[in-house]
Amino acid sequence: MRNINTSLPLVVSKDIKNGHVLAGDDLQGEALSNWYAQEEEAFAGKDISLSLTDTDPWYAYMRYVNNKLIFNRLGQLFGDCGSILFVGPGNGKEAEIISQLYPNWAIYFLEASADLRKSLKKKFAASVILKPNTNGTILLDDGSIDVVCAFSVLHHIANVSAHLAEFERILANRGRIFVREPCSSMGDWTKVRKTTPNERGISKYFFLHTALKLNLEPATPPRAIFFEPLNKLAHRLSLWHAMNFKTVFKLDILISKVFSFNDHYWRDTTLKKLGPSTYLYEFVRRS
């Protein structure tokens, strides 16, 4: 059995399994349109609640990590005035943090959902809200954005390398691109699984080699974070209420680093699953 209505390949090549090639990165025409139609239909069918990111402690912890590793540094990097683009911002929780920390910053959103665009406009009246194009082009000028943030959204998107190229194009000279993505295939997509049809993680190898081709380089080494077994254990043992995020962060960073040697894209054995779940990347344009 496999997912019905998926654009991911039934026959998974060796290069895909080792993370050197990303499935769905070279789509055109009808194949590209089908990808996004399948994702849109799956999201609508799952009746995903916007309140999930408010109530789940793992999502709240993600925002804590964003603050600690990204947002608290932006004032030092860019001062009181800057511009930031959130790609696939959902309910805009991260943007709320930016509006509080840096009230003079210009906020931009790139969001596919019409309902979410309406919600974002109500919450951020002065923001610029854009609808993404399936080909990856962004209706912003070259060098117009100081910070681009894409948090756990690119693994739903086709032609990731084309989107990264657009991020690089709109990036200001001293700008930063922050990307946070799962680094495994997120399961065997040739079988039925509990995800959207075309969701797949993106390997560290793919990100770093694609960035190199685009004249981008890591400003800091990729950070292994969000060790998923830690989240599952905390939920199973009902530990979240007894743990503060500072403690979770220390455990998460330590465990993710310890297991980073076991970083496999296609995790088809129990041992391979004991690897980092996610990487946080910080890219700058090479001089």
# chains A, B, ... in the order shown; residues from 1 in each chain; ligands from 1

call {"tool": "residues_around", "arguments": {"residues": "A:Asn66", "least_positions_apart": "3", "cutoff": "10 Å", "atoms": "only C-alpha atoms", "output": "ChimeraX atom specification"}}
result
/A:60-63,69-72,94,97,151,178,180,280

call {"tool": "select_by_dssp", "arguments": {"residues": "stretch 76-253 of chain A", "states": "strand (DSSP E)", "output": "PyMOL selection string"}}
result
chain A and resi 83-87+106-110+128-130+145-151+171-182+216-218+223-225

call {"tool": "select_by_dssp", "arguments": {"residues": "stretch 162-220 of chain A", "states": "alpha helix (DSSP H)", "output": "ChimeraX atom specification"}}
result
/A:162-170,204-213

call {"tool": "closest_residue", "arguments": {"among": "A:Arg236, A:Lys191, A:Arg285, A:Lys273", "to": "A:Arg176", "atoms": "only C-alpha atoms"}}
result
A:Arg285

call {"tool": "atom_distance", "arguments": {"atom1": "atom CA of A:Leu8", "atom2": "atom CA of A:Leu154"}}
result
14.7 Å

call {"tool": "residues_around", "arguments": {"residues": "A:Lys204", "least_positions_apart": "2", "cutoff": "10 Å", "atoms": "only C-alpha atoms", "output": "number ranges by chain"}}
result
A: 19-20, 181-184, 201-202, 206-210, 222, 224, 263-265, 278-281

call {"tool": "write_last_selection", "arguments": {"atoms": "C-alpha atoms", "output": "PDB file, in the first residue's frame"}}
result
ATOM      1  CA  GLY A  19      19.852  12.503   0.938  1.00  0.00           C
ATOM      2  CA  HIS A  20      21.877  13.634  -2.073  1.00  0.00           C
ATOM      3  CA  GLU A 181      13.496  21.692   8.625  1.00  0.00           C
ATOM      4  CA  PRO A 182      13.220  17.989   9.489  1.00  0.00           C
ATOM      5  CA  CYS A 183      16.226  16.151   8.102  1.00  0.00           C
ATOM      6  CA  SER A 184      14.795  12.669   7.444  1.00  0.00           C
ATOM      7  CA  GLY A 201      12.138  16.132   5.143  1.00  0.00           C
ATOM      8  CA  ILE A 202      15.237  17.676   3.599  1.00  0.00           C
ATOM      9  CA  PHE A 206      21.010  18.802   0.226  1.00  0.00           C
ATOM     10  CA  PHE A 207      20.674  22.122   2.042  1.00  0.00           C
ATOM     11  CA  LEU A 208      24.403  22.776   2.294  1.00  0.00           C
ATOM     12  CA  HIS A 209      25.186  21.790  -1.296  1.00  0.00           C
ATOM     13  CA  THR A 210      22.227  23.742  -2.709  1.00  0.00           C
ATOM     14  CA  PRO A 222      23.874  23.855  11.256  1.00  0.00           C
ATOM     15  CA  ALA A 224      20.834  19.765  15.358  1.00  0.00           C
ATOM     16  CA  ASP A 263      22.153  11.204  10.609  1.00  0.00           C
ATOM     17  CA  HIS A 264      20.368   9.108   7.970  1.00  0.00           C
ATOM     18  CA  TYR A 265      17.785  10.456   5.545  1.00  0.00           C
ATOM     19  CA  THR A 278      15.734  18.733  12.657  1.00  0.00           C
ATOM     20  CA  TYR A 279      18.439  21.218  11.706  1.00  0.00           C
ATOM     21  CA  LEU A 280      18.415  24.978  12.055  1.00  0.00           C
ATOM     22  CA  TYR A 281      20.384  26.748   9.298  1.00  0.00           C
TER      23      TYR A 281
END

call {"tool": "residues_around", "arguments": {"residues": "A:Lys131", "least_positions_apart": "2", "cutoff": "7 Å", "atoms": "only C-alpha atoms", "output": "CSV table (one decimal) with N, CA and C atoms, in the first residue's frame"}}
result
chain,number,residue,atom,x,y,z
A,110,LEU,N,4.5,35.4,3.5
A,110,LEU,CA,4.3,34.7,2.2
A,110,LEU,C,3.5,33.5,2.7
A,111,GLU,N,2.2,33.5,2.4
A,111,GLU,CA,1.2,32.5,2.9
A,111,GLU,C,0.3,32.0,1.8
A,112,ALA,N,0.1,30.7,1.7
A,112,ALA,CA,-0.7,30.1,0.7
A,112,ALA,C,-2.2,30.1,1.0
A,129,ILE,N,1.4,41.2,2.9
A,129,ILE,CA,1.0,39.8,2.8
A,129,ILE,C,0.9,39.4,1.4
A,133,ASN,N,3.7,32.0,-5.4
A,133,ASN,CA,3.5,31.4,-6.7
A,133,ASN,C,4.1,29.9,-6.7

call {"tool": "atom_distance", "arguments": {"atom1": "atom CA of A:Tyr36", "atom2": "atom CA of A:Asp142"}}
result
26.1 Å

call {"tool": "closest_residue", "arguments": {"among": "A:Val284, A:Ile170, A:Leu77, A:Leu216", "to": "A:Leu140", "atoms": "only C-alpha atoms"}}
result
A:Ile170

call {"tool": "closest_residue", "arguments": {"among": "A:Asn18, A:Asn135, A:Ser144, A:Asn67", "to": "A:Glu30", "atoms": "only C-alpha atoms"}}
result
A:Asn135

call {"tool": "closest_residue", "arguments": {"among": "A:Ser119, A:Asn159, A:Asn173, A:Thr220", "to": "A:Thr134", "atoms": "only C-alpha atoms"}}
result
A:Asn159

call {"tool": "residues_around", "arguments": {"residues": "A:Ser99", "least_positions_apart": "5", "cutoff": "12 Å", "atoms": "only C-alpha atoms", "output": "VMD selection string"}}
result
chain A and resid 71 80 to 84 92 to 94 104 to 108 123 to 127

call {"tool": "residues_around", "arguments": {"residues": "A:Leu230", "least_positions_apart": "4", "cutoff": "10 Å", "atoms": "only C-alpha atoms", "output": "list in words"}}
result
Trp58, Phe226, Ala234, His235, Arg236, Val248, Leu251, Asp252, Ile255 and Ser256 of chain A

call {"tool": "write_last_selection", "arguments": {"atoms": "C-alpha atoms", "output": "PDB file, in the first residue's frame"}}
result
ATOM      1  CA  TRP A  58       6.416  21.074  21.671  1.00  0.00           C
ATOM      2  CA  PHE A 226      14.219  19.056  18.227  1.00  0.00           C
ATOM      3  CA  ALA A 234       7.816  13.643  27.546  1.00  0.00           C
ATOM      4  CA  HIS A 235       4.276  13.192  26.225  1.00  0.00           C
ATOM      5  CA  ARG A 236       4.142   9.488  27.104  1.00  0.00           C
ATOM      6  CA  VAL A 248      14.439  20.965  27.720  1.00  0.00           C
ATOM      7  CA  LEU A 251      18.755  18.243  27.021  1.00  0.00           C
ATOM      8  CA  ASP A 252      17.650  18.688  23.419  1.00  0.00           C
ATOM      9  CA  ILE A 255      21.104  14.672  22.848  1.00  0.00           C
ATOM     10  CA  SER A 256      20.791  15.991  19.286  1.00  0.00           C
TER      11      SER A 256
END

call {"tool": "residues_around", "arguments": {"residues": "A:Pro57", "least_positions_apart": "6", "cutoff": "12 Å", "atoms": "only C-alpha atoms", "output": "list in words"}}
result
Ser51, Arg63, Tyr64, Asn231, Lys232, Ala234, His235, Ser238, Leu239, Trp240, His241, Ala242, Met243, Asn244, Phe245 and Val248 of chain A

call {"tool": "write_last_selection", "arguments": {"atoms": "C-alpha atoms", "output": "mmCIF file, in the first residue's frame"}}
result
data_model
loop_
_atom_site.group_PDB
_atom_site.id
_atom_site.type_symbol
_atom_site.label_atom_id
_atom_site.label_comp_id
_atom_site.auth_asym_id
_atom_site.auth_seq_id
_atom_site.Cartn_x
_atom_site.Cartn_y
_atom_site.Cartn_z
ATOM 1 C CA SER A 51 -4.991 26.443 18.172
ATOM 2 C CA ARG A 63 9.162 29.261 19.633
ATOM 3 C CA TYR A 64 11.452 29.310 22.681
ATOM 4 C CA ASN A 231 9.124 14.975 22.743
ATOM 5 C CA LYS A 232 7.455 11.558 22.477
ATOM 6 C CA ALA A 234 7.816 13.643 27.546
ATOM 7 C CA HIS A 235 4.276 13.192 26.225
ATOM 8 C CA SER A 238 3.360 13.339 31.066
ATOM 9 C CA LEU A 239 6.587 15.185 31.839
ATOM 10 C CA TRP A 240 5.959 18.430 29.954
ATOM 11 C CA HIS A 241 4.182 20.063 32.898
ATOM 12 C CA ALA A 242 7.219 19.382 35.104
ATOM 13 C CA MET A 243 9.873 20.609 32.645
ATOM 14 C CA ASN A 244 10.814 24.195 31.874
ATOM 15 C CA PHE A 245 12.042 25.109 28.416
ATOM 16 C CA VAL A 248 14.439 20.965 27.720
#

call {"tool": "closest_residue", "arguments": {"among": "A:Arg200, A:Arg174, A:Arg193, A:Lys246", "to": "A:Val153", "atoms": "only C-alpha atoms"}}
result
A:Arg200

call {"tool": "closest_residue", "arguments": {"among": "A:Gly79, A:Pro197, A:Gly275, A:Gly175", "to": "A:Asn34", "atoms": "only C-alpha atoms"}}
result
A:Pro197
